[in-house]
>>> print(open('protein24.tsv').read())   # TSV, C-alpha atoms
chain	number	residue	atom	x	y	z
A	1	MET	CA	21.54	28.42	15.94
A	2	LYS	CA	18.28	27.07	17.30
A	3	ARG	CA	18.56	24.08	19.63
A	4	VAL	CA	16.76	20.97	18.33
A	5	GLU	CA	17.74	18.49	21.01
A	6	CYS	CA	18.32	18.30	24.74
A	7	CYS	CA	20.64	15.99	26.64
A	8	HIS	CA	17.76	15.00	28.97
A	9	GLU	CA	15.45	13.75	26.19
A	10	ASP	CA	16.23	10.10	26.88
A	11	ASP	CA	15.66	10.53	30.61
A	12	VAL	CA	12.27	12.12	29.97
A	13	LEU	CA	11.28	9.42	27.52
A	14	ASP	CA	12.44	6.74	29.92
A	15	ALA	CA	10.33	8.25	32.71
A	16	LEU	CA	7.32	8.41	30.38
A	17	THR	CA	7.58	4.86	29.02
A	18	SER	CA	8.22	3.35	32.43
A	19	GLY	CA	5.21	5.15	33.89
A	20	ARG	CA	7.29	7.10	36.43
A	21	TRP	CA	6.23	10.45	34.99
A	22	PRO	CA	5.23	12.72	36.66
A	23	ASP	CA	4.67	11.49	40.20
A	24	ARG	CA	7.65	9.15	40.61
A	25	ALA	CA	10.07	11.08	38.44
A	26	ASP	CA	13.22	12.63	39.79
A	27	ASP	CA	12.71	16.17	41.16
A	28	ARG	CA	15.63	17.51	39.16
A	29	LEU	CA	14.12	16.12	35.98
A	30	ARG	CA	10.78	17.76	36.71
A	31	THR	CA	12.50	21.05	37.39
A	32	HIS	CA	14.39	20.71	34.12
A	33	VAL	CA	11.24	19.93	32.11
A	34	ALA	CA	9.49	22.96	33.54
A	35	ALA	CA	12.29	25.14	32.13
A	36	CYS	CA	13.11	23.30	28.88
A	37	ALA	CA	10.84	23.79	25.85
A	38	ILE	CA	12.17	20.70	24.07
A	39	CYS	CA	11.56	18.36	26.99
A	40	ALA	CA	8.18	19.99	27.64
A	41	ASP	CA	7.19	19.17	24.05
A	42	ILE	CA	8.37	15.60	24.53
A	43	VAL	CA	6.24	15.23	27.64
A	44	ASP	CA	3.16	16.56	25.87
A	45	VAL	CA	3.64	14.74	22.57
A	46	ALA	CA	5.17	11.45	23.63
A	47	GLY	CA	2.88	11.34	26.66
A	48	ALA	CA	-0.23	11.75	24.51
A	49	ILE	CA	0.98	9.24	21.94
A	50	LEU	CA	1.91	6.62	24.54
A	51	GLU	CA	-1.42	7.13	26.25
A	52	GLY	CA	-3.33	6.68	22.98
A	53	ARG	CA	-1.08	4.00	21.52
A	54	ASP	CA	-3.48	1.13	22.12
A	55	ASP	CA	-6.71	3.05	21.63
A	56	ASN	CA	-7.85	1.30	18.48
A	57	VAL	CA	-6.61	-2.21	19.22
A	58	THR	CA	-10.22	-3.34	19.55
A	59	GLU	CA	-10.60	-2.65	15.81
A	60	MET	CA	-7.52	-4.72	14.98
A	61	ARG	CA	-8.25	-7.78	12.86
A	62	ILE	CA	-4.93	-9.45	12.26
A	63	PRO	CA	-4.93	-12.88	10.66
A	64	SER	CA	-2.79	-15.54	12.28
A	65	SER	CA	0.72	-16.10	10.97
A	66	ALA	CA	-0.33	-19.49	9.55
A	67	VAL	CA	-3.17	-17.91	7.58
A	68	MET	CA	-0.92	-15.13	6.34
A	69	TRP	CA	1.71	-17.64	5.18
A	70	TRP	CA	-0.89	-19.75	3.38
A	71	ARG	CA	-2.43	-16.71	1.66
A	72	ALA	CA	0.99	-15.56	0.52
A	73	GLN	CA	1.70	-19.01	-0.89
A	74	MET	CA	-1.60	-19.08	-2.78
A	75	ARG	CA	-1.10	-15.60	-4.16
A	76	ALA	CA	2.45	-16.31	-5.22
A	77	ARG	CA	1.32	-19.48	-7.01
A	78	GLN	CA	-1.50	-17.59	-8.68
A	79	GLU	CA	0.91	-14.93	-9.92
A	80	ALA	CA	3.41	-17.54	-11.05
A	81	ALA	CA	0.69	-19.35	-12.98
A	82	ARG	CA	-0.37	-16.08	-14.60
A	83	GLU	CA	3.24	-15.28	-15.52
A	84	ALA	CA	3.70	-18.71	-17.00
A	85	SER	CA	0.57	-18.44	-19.13
A	86	ARG	CA	1.44	-15.02	-20.56
A	87	PRO	CA	3.56	-16.25	-23.55
A	88	ILE	CA	0.79	-18.72	-24.38
A	89	THR	CA	-1.73	-15.90	-24.42
A	90	ILE	CA	0.36	-13.85	-26.83
A	91	ALA	CA	0.79	-16.89	-29.08
A	92	GLN	CA	-2.97	-17.44	-28.99
A	93	ILE	CA	-3.62	-13.87	-30.11
A	94	VAL	CA	-1.13	-14.12	-32.98
A	95	ALA	CA	-2.53	-17.49	-34.01
A	96	SER	CA	-6.13	-16.23	-33.95
A	97	ILE	CA	-5.38	-13.22	-36.14
A	98	SER	CA	-3.34	-15.35	-38.53
A	99	ALA	CA	-6.14	-17.88	-38.75
A	100	VAL	CA	-8.67	-15.19	-39.64
A	101	ALA	CA	-6.36	-13.82	-42.33
A	102	LEU	CA	-5.73	-17.29	-43.74
A	103	ILE	CA	-9.42	-18.10	-43.90
A	104	ILE	CA	-10.13	-14.90	-45.80
A	105	ALA	CA	-7.23	-15.52	-48.15
A	106	ALA	CA	-8.31	-19.11	-48.75
A	107	VAL	CA	-11.89	-18.09	-49.53
A	108	VAL	CA	-10.71	-15.43	-51.95
A	109	VAL	CA	-8.19	-17.64	-53.74
A	110	LEU	CA	-10.13	-20.89	-53.89
A	111	SER	CA	-13.58	-19.68	-54.84
A	112	PRO	CA	-13.93	-19.58	-58.68
A	113	TRP	CA	-16.61	-16.97	-58.45
A	114	LEU	CA	-14.51	-14.83	-56.17
A	115	GLY	CA	-11.59	-15.43	-58.53
A	116	VAL	CA	-13.56	-13.90	-61.40
A	117	VAL	CA	-14.65	-11.06	-59.20
A	118	LEU	CA	-11.05	-10.57	-58.13
A	119	VAL	CA	-9.86	-10.38	-61.72
A	120	ASP	CA	-12.58	-7.85	-62.47
A	121	TRP	CA	-11.65	-5.96	-59.37
A	122	ILE	CA	-7.98	-5.82	-60.31
A	123	ALA	CA	-8.93	-4.57	-63.78
A	124	GLY	CA	-11.25	-1.99	-62.27
A	125	ALA	CA	-8.62	-0.93	-59.78
A	126	ARG	CA	-6.07	-0.47	-62.55
A	127	ALA	CA	-8.57	1.61	-64.51
A	128	ALA	CA	-9.39	3.64	-61.44
A	129	LEU	CA	-5.74	4.36	-60.78
A	130	THR	CA	-5.36	5.61	-64.35
A	131	PRO	CA	-7.09	8.98	-64.45
A	132	THR	CA	-9.04	8.66	-67.70
A	133	PRO	CA	-11.87	11.07	-68.48
A	134	ALA	CA	-14.42	8.21	-68.27
A	135	VAL	CA	-13.45	7.26	-64.73
A	136	VAL	CA	-13.30	10.85	-63.65
A	137	ALA	CA	-16.73	11.38	-65.16
A	138	ALA	CA	-18.34	8.46	-63.25
A	139	PRO	CA	-16.30	7.94	-60.08
A	140	ALA	CA	-19.05	7.03	-57.65
A	141	THR	CA	-20.16	3.60	-58.90
A	142	THR	CA	-16.75	2.54	-60.20
A	143	LEU	CA	-14.92	3.36	-56.96
A	144	VAL	CA	-17.53	1.56	-54.85
A	145	GLN	CA	-17.04	-1.60	-56.93
A	146	VAL	CA	-13.27	-1.28	-56.88
A	147	TRP	CA	-12.95	-0.88	-53.13
A	148	MET	CA	-15.75	-3.22	-52.10
A	149	ILE	CA	-13.65	-6.38	-51.63
A	150	PRO	CA	-10.79	-4.86	-49.67
A	151	THR	CA	-13.32	-3.00	-47.56
A	152	ILE	CA	-15.14	-6.23	-46.78
A	153	ILE	CA	-11.88	-8.00	-45.93
A	154	ILE	CA	-10.71	-5.20	-43.67
A	155	GLY	CA	-14.13	-4.92	-42.05
A	156	VAL	CA	-14.36	-8.64	-41.31
A	157	SER	CA	-10.82	-8.61	-39.89
A	158	LEU	CA	-11.61	-5.65	-37.69
A	159	LEU	CA	-14.72	-7.38	-36.41
A	160	LEU	CA	-13.11	-10.76	-35.81
A	161	ALA	CA	-9.78	-9.63	-34.36
A	162	PRO	CA	-11.21	-8.19	-31.10
A	163	VAL	CA	-13.37	-11.28	-30.68
A	164	ALA	CA	-10.32	-13.49	-31.16
A	165	ILE	CA	-8.32	-11.38	-28.67
A	166	TYR	CA	-11.15	-11.51	-26.16
A	167	PHE	CA	-11.34	-15.30	-26.27
A	168	ALA	CA	-7.57	-15.53	-26.07
A	169	VAL	CA	-7.11	-13.37	-22.96
A	170	VAL	CA	-10.31	-14.07	-21.01
A	171	ASP	CA	-9.77	-15.91	-17.71
A	172	ASP	CA	-11.07	-19.41	-17.24
B	1	MET	CA	-5.78	-9.12	-4.95
B	2	ARG	CA	-9.33	-10.33	-5.56
B	3	ASP	CA	-10.72	-13.10	-3.36
B	4	LEU	CA	-10.10	-16.62	-4.58
B	5	THR	CA	-12.93	-19.04	-5.21
B	6	PHE	CA	-12.87	-22.54	-3.68
B	7	SER	CA	-12.13	-24.13	-7.03
B	8	GLU	CA	-9.23	-21.73	-7.61
B	9	VAL	CA	-7.83	-22.54	-4.18
B	10	GLU	CA	-8.09	-26.27	-4.86
B	11	ARG	CA	-6.40	-25.81	-8.21
B	12	LEU	CA	-3.61	-23.68	-6.73
B	13	GLU	CA	-3.04	-26.06	-3.84
B	14	ALA	CA	-2.75	-28.94	-6.27
B	15	THR	CA	-0.40	-27.12	-8.58
B	16	GLU	CA	3.24	-28.09	-8.72
B	17	ILE	CA	4.44	-24.49	-9.05
B	18	ASP	CA	7.06	-23.84	-6.40
B	19	VAL	CA	7.45	-20.22	-5.31
B	20	PRO	CA	10.37	-19.98	-2.92
B	21	PHE	CA	10.38	-17.06	-0.51
B	22	GLU	CA	13.48	-15.56	1.06
B	23	MET	CA	12.25	-16.72	4.49
B	24	ASP	CA	11.06	-20.15	5.47
B	25	GLU	CA	7.69	-20.61	7.13
B	26	GLU	CA	9.00	-20.87	10.67
B	27	ALA	CA	11.12	-17.73	10.43
B	28	PHE	CA	8.31	-15.81	8.77
B	29	ARG	CA	5.75	-16.78	11.37
B	30	ALA	CA	8.01	-15.75	14.22
B	31	PHE	CA	8.76	-12.43	12.50
B	32	TYR	CA	5.07	-11.89	11.74
B	33	ASP	CA	4.08	-12.52	15.36
B	34	ARG	CA	6.59	-9.92	16.48
B	35	THR	CA	5.72	-7.23	13.95
B	36	ALA	CA	2.09	-7.59	12.80
B	37	ARG	CA	0.52	-5.69	15.69
B	38	PRO	CA	2.92	-2.72	15.68
B	39	LEU	CA	2.69	-2.56	11.90
B	40	TRP	CA	-1.11	-2.54	11.99
B	41	THR	CA	-1.24	0.23	14.60
B	42	TYR	CA	1.32	2.22	12.60
B	43	VAL	CA	-0.62	1.94	9.33
B	44	SER	CA	-3.88	2.52	11.14
B	45	ARG	CA	-2.49	5.75	12.59
B	46	LEU	CA	-1.14	6.92	9.24
B	47	THR	CA	-4.37	6.26	7.39
B	48	SER	CA	-6.85	6.77	10.25
B	49	ASN	CA	-8.75	3.90	8.72
B	50	PRO	CA	-8.71	0.40	10.29
B	51	GLN	CA	-10.11	-1.24	7.14
B	52	VAL	CA	-7.32	0.21	5.03
B	53	ALA	CA	-4.86	-0.90	7.70
B	54	ASP	CA	-6.16	-4.49	7.42
B	55	ASP	CA	-5.57	-4.50	3.66
B	56	LEU	CA	-2.19	-2.79	3.77
B	57	LEU	CA	-0.95	-5.13	6.47
B	58	GLN	CA	-1.49	-8.13	4.22
B	59	GLU	CA	-0.08	-6.38	1.18
B	60	SER	CA	3.01	-5.28	3.11
B	61	PHE	CA	3.81	-8.77	4.35
B	62	TYR	CA	3.25	-10.27	0.92
B	63	ARG	CA	5.59	-7.80	-0.76
B	64	PHE	CA	8.07	-8.32	2.05
B	65	LEU	CA	8.04	-12.07	1.41
B	66	ARG	CA	8.50	-11.61	-2.32
B	67	THR	CA	11.59	-9.44	-2.01
B	68	ARG	CA	15.05	-10.82	-2.61
B	69	VAL	CA	16.87	-8.75	-0.02
B	70	HIS	CA	19.49	-9.96	2.39
B	71	TRP	CA	18.77	-8.43	5.78
B	72	GLU	CA	21.72	-7.61	7.95
B	73	SER	CA	19.79	-7.58	11.19
B	74	GLU	CA	16.36	-7.83	12.75
B	75	GLN	CA	16.24	-4.03	12.86
B	76	HIS	CA	17.03	-3.80	9.15
B	77	ARG	CA	14.38	-6.38	8.34
B	78	ARG	CA	11.76	-4.59	10.43
B	79	ALA	CA	12.66	-1.22	8.90
B	80	TYR	CA	12.29	-2.78	5.45
B	81	LEU	CA	8.80	-4.04	6.28
B	82	PHE	CA	7.76	-0.68	7.68
B	83	ARG	CA	9.18	1.03	4.63
B	84	ILE	CA	7.03	-1.12	2.35
B	85	ALA	CA	3.98	-0.20	4.41
B	86	THR	CA	4.92	3.50	4.41
B	87	ASN	CA	5.25	3.49	0.64
B	88	LEU	CA	1.92	1.73	0.24
B	89	VAL	CA	0.25	4.35	2.42
B	90	ARG	CA	1.96	7.10	0.45
B	91	ASP	CA	0.83	5.59	-2.87
B	92	GLY	CA	-2.72	5.33	-1.58
B	93	GLN	CA	-2.71	8.93	-0.46
B	94	ARG	CA	-1.32	10.03	-3.80
B	95	ARG	CA	-4.09	8.20	-5.61
B	96	ALA	CA	-6.83	9.61	-3.42
B	97	ARG	CA	-7.77	13.14	-4.39
B	98	HIS	CA	-7.39	14.60	-0.92
B	99	GLY	CA	-5.64	11.77	0.87
B	100	TYR	CA	-7.23	9.77	3.63
B	101	THR	CA	-9.76	11.57	5.73
B	102	VAL	CA	-9.40	11.54	9.46
B	103	PRO	CA	-12.68	10.53	10.99
B	104	LEU	CA	-13.24	11.75	14.49
B	105	PRO	CA	-13.73	8.69	16.66
B	106	ASP	CA	-16.60	7.93	18.91
B	107	PRO	CA	-14.91	6.76	22.12
B	108	ASP	CA	-15.84	3.27	23.16
B	109	HIS	CA	-17.02	4.09	26.65
B	110	SER	CA	-17.75	0.53	27.72
B	111	THR	CA	-14.17	-0.57	26.95
B	112	LEU	CA	-12.71	2.41	28.75
B	113	ALA	CA	-14.92	1.93	31.78
B	114	ALA	CA	-13.88	-1.71	32.00
B	115	SER	CA	-10.23	-0.66	32.03
B	116	GLY	CA	-10.80	1.66	35.01
B	117	VAL	CA	-10.23	4.84	33.02
B	118	ASN	CA	-12.69	7.67	33.26
B	119	PRO	CA	-14.40	7.35	29.85
B	120	ALA	CA	-15.01	11.07	29.53
B	121	ASP	CA	-11.40	12.08	30.17
B	122	ALA	CA	-9.85	9.33	28.08
B	123	GLY	CA	-12.29	9.87	25.22
B	124	VAL	CA	-11.57	13.58	25.13
B	125	ARG	CA	-7.80	13.04	25.14
B	126	ARG	CA	-8.07	10.40	22.43
B	127	THR	CA	-10.15	12.67	20.24
B	128	ASP	CA	-7.73	15.55	20.78
B	129	LEU	CA	-4.74	13.44	19.79
B	130	GLN	CA	-6.42	12.01	16.71
B	131	ARG	CA	-7.63	15.40	15.60
B	132	ALA	CA	-4.20	16.95	16.12
B	133	MET	CA	-2.44	14.03	14.40
B	134	GLY	CA	-4.86	14.39	11.51
B	135	ARG	CA	-3.60	17.92	10.94
B	136	LEU	CA	0.00	16.78	10.54
B	137	ARG	CA	1.59	15.75	7.28
B	138	PRO	CA	1.77	11.98	6.74
B	139	ARG	CA	5.54	11.98	7.19
B	140	GLU	CA	5.27	13.92	10.43
B	141	ARG	CA	2.70	11.46	11.71
B	142	ALA	CA	4.94	8.57	10.74
B	143	LEU	CA	7.97	10.13	12.40
B	144	LEU	CA	6.24	10.77	15.70
B	145	TRP	CA	4.55	7.39	15.80
B	146	LEU	CA	7.72	5.47	15.04
B	147	ALA	CA	9.75	7.47	17.54
B	148	TYR	CA	7.38	7.57	20.49
B	149	ALA	CA	4.77	4.82	20.11
B	150	GLN	CA	7.16	2.20	18.78
B	151	GLY	CA	10.45	3.45	20.16
B	152	HIS	CA	12.38	3.00	16.93
B	153	ALA	CA	15.94	4.30	16.78
B	154	HIS	CA	16.76	7.22	14.49
B	155	THR	CA	18.62	4.93	12.07
B	156	GLU	CA	15.59	2.69	11.77
B	157	ILE	CA	13.26	5.66	11.28
B	158	ALA	CA	15.58	6.93	8.55
B	159	ASP	CA	15.50	3.50	6.84
B	160	THR	CA	11.74	3.32	7.09
B	161	LEU	CA	11.00	6.79	5.78
B	162	GLY	CA	13.84	6.98	3.27
B	163	VAL	CA	15.50	10.02	4.78
B	164	LYS	CA	19.04	10.62	6.03
B	165	THR	CA	19.70	9.62	9.61
B	166	ALA	CA	21.14	13.07	10.29
B	167	SER	CA	17.85	14.65	9.20
B	168	VAL	CA	15.68	12.64	11.57
B	169	LYS	CA	16.59	14.73	14.59
B	170	LEU	CA	15.54	17.98	12.94
B	171	LEU	CA	12.42	16.54	11.29
B	172	LEU	CA	11.38	15.01	14.58
B	173	PHE	CA	11.93	18.29	16.39
B	174	ARG	CA	9.72	20.15	13.90
B	175	ALA	CA	6.97	17.54	13.93
B	176	ARG	CA	7.01	17.43	17.72
B	177	ARG	CA	6.85	21.22	17.94
B	178	LYS	CA	3.89	21.27	15.59
B	179	LEU	CA	1.95	18.54	17.39
B	180	ALA	CA	2.65	20.07	20.79
B	181	GLY	CA	1.29	23.38	19.50
B	182	LEU	CA	-1.81	21.69	18.12
B	183	LEU	CA	-2.44	19.78	21.34
B	184	ARG	CA	-2.14	22.98	23.37
B	185	GLN	CA	-4.56	24.71	21.03
B	186	GLU	CA	-7.20	22.04	21.55
B	187	PRO	CA	-9.75	23.61	23.92
B	188	THR	CA	-10.66	20.30	25.53
B	189	ARG	CA	-7.09	19.29	26.24
B	190	MET	CA	-6.52	18.46	29.88
B	191	GLN	CA	-4.09	20.85	31.47
B	192	GLY	CA	-1.62	20.20	34.25
B	193	ASP	CA	-0.10	16.95	32.95
B	194	ARG	CA	3.32	18.50	33.04
B	195	SER	CA	4.05	19.18	36.69
>>> encode(input="protein24.tsv", output="structure tokens")
Amino acid sequence: MKRVECCHEDDVLDALTSGRWPDRADDRLRTHVAACAICADIVDVAGAILEGRDDNVTEMRIPSSAVMWWRAQMRARQEAAREASRPITIAQIVASISAVALIIAAVVVLSPWLGVVLVDWIAGARAALTPTPAVVAAPATTLVQVWMIPTIIIGVSLLLAPVAIYFAVVDD
Amino acid sequence: MRDLTFSEVERLEATEIDVPFEMDEEAFRAFYDRTARPLWTYVSRLTSNPQVADDLLQESFYRFLRTRVHWESEQHRRAYLFRIATNLVRDGQRRARHGYTVPLPDPDHSTLAASGVNPADAGVRRTDLQRAMGRLRPRERALLWLAYAQGHAHTEIADTLGVKTASVKLLLFRARRKLAGLLRQEPTRMQGDRS
């Protein structure tokens, strides 16, 4: 089985980190490293890494601990506030859609003119659903009249619902 | 997190919302002072991008503060922080199409000269190491950096990288072998360091 460690690894690392390698290192250790592939790799790799460890510290921009603590506090409060407002947002969306539906229903029910139109529409719809030869013969105009009101209601709802959602979820 | 406006800061400072962290301010600041620099250099080495390291440092500490974990020891706490940072780097690399690029640095000769190091030699060695590290897998880079630049124990490395402690020895051996081979391949590498 291939060897993956050497009993002198710690000694080599110790010599490297303390700056004793190579000049002030023990002769026996140097002799060992010259003959041991594992320790030779450690010298090359750990030596290069230790040498380059602080190379880019000039680019380091670390905020102070006080600033980091304050930023974390602010962010946590911001997230908590957002969490707390989430149920309100959902309620606002539901309320907006319900309001739009109620307005449409109220207009349809309370307007006498619309009431007459509605009665006509129901009659037309019933006729359209009954496949008589007359309806089959002239489907274009009759079907447009029959489906006009529900189409308008659905169209208005589709237009208003996204607007209501937008105003409900938009940030201050 | 997007930057806050002054009015948002004023509003948040005035708010009564209390967000308790697992650590108090004093303990956090002491821990931060001990770990911020090594964490930044670690993330900077993994990403080869100081700007990304700045962002991930802040994100790591914030997530660390928000966790509800009981740390058994300072080593466990530090490994947890480094693990958060490692996962953030990994997520970032997954999102990027080809991972982070490894820009070849332009050695800062004035800084090196001021430190008494021959700028040419040090710059060449630095470039060789960065280039060779850039050809390793992110986990190999992390392993080598934690083991040799930061001197973390195998148990801590295992905690940080989410691998078994028993595997660290073998993974470290392979990564070391690979980097040593790459460094020896580099034509500009100074010879004779090992005598």
>>> interface_residues(input="protein24.tsv", of="chain B", to="chain A", cutoff="6 Å", atoms="all atoms listed in the file", output="PDB file with C-alpha atoms, keeping the file's coordinate frame")
ATOM      1  CA  ARG B  29       5.750 -16.780  11.370  1.00  0.00           C
ATOM      2  CA  TYR B  62       3.250 -10.270   0.920  1.00  0.00           C
ATOM      3  CA  TYR B 148       7.380   7.570  20.490  1.00  0.00           C
ATOM      4  CA  ALA B 149       4.770   4.820  20.110  1.00  0.00           C
ATOM      5  CA  PHE B 173      11.930  18.290  16.390  1.00  0.00           C
ATOM      6  CA  ALA B 180       2.650  20.070  20.790  1.00  0.00           C
TER       7      ALA B 180
END
>>> residues_near_point(input="protein24.tsv", point="(-5.4, -9.8, -30.9)", cutoff="8 Å", atoms="all atoms listed in the file", output="ChimeraX atom specification")
/A:93-94,96-97,161-162,164-166,168
>>> atom_distance(input="protein24.tsv", atom1="atom CA of B:Lys169", atom2="atom CA of B:Glu140")
12.1 Å
>>> closest_residue(input="protein24.tsv", among="B:Ser44, B:Thr35, B:Gln130, B:Thr160", to="B:Asn87", atoms="only C-alpha atoms")
B:Thr160
>>> atom_distance(input="protein24.tsv", atom1="atom CA of B:Glu74", atom2="atom CA of B:Asp54")
23.4 Å
>>> residues_around(input="protein24.tsv", residues="B:Ala153", least_positions_apart="5", cutoff="12 Å", atoms="all atoms listed in the file", output="MDAnalysis selection string")
(chainID A and resid 10) or (chainID B and resid 75:76 78:79 143:148 158:160 165 168:169 172)
>>> closest_residue(input="protein24.tsv", among="A:Leu29, A:Ile153, A:Leu160, A:Cys6", to="A:Val107", atoms="all atoms listed in the file")
A:Ile153
>>> atom_distance(input="protein24.tsv", atom1="atom CA of B:Asp91", atom2="atom CA of B:Leu161")
13.4 Å
>>> residues_around(input="protein24.tsv", residues="A:Ala25", least_positions_apart="6", cutoff="9 Å", atoms="all atoms listed in the file", output="PyMOL selection string")
chain A and resi 12+15-16+19
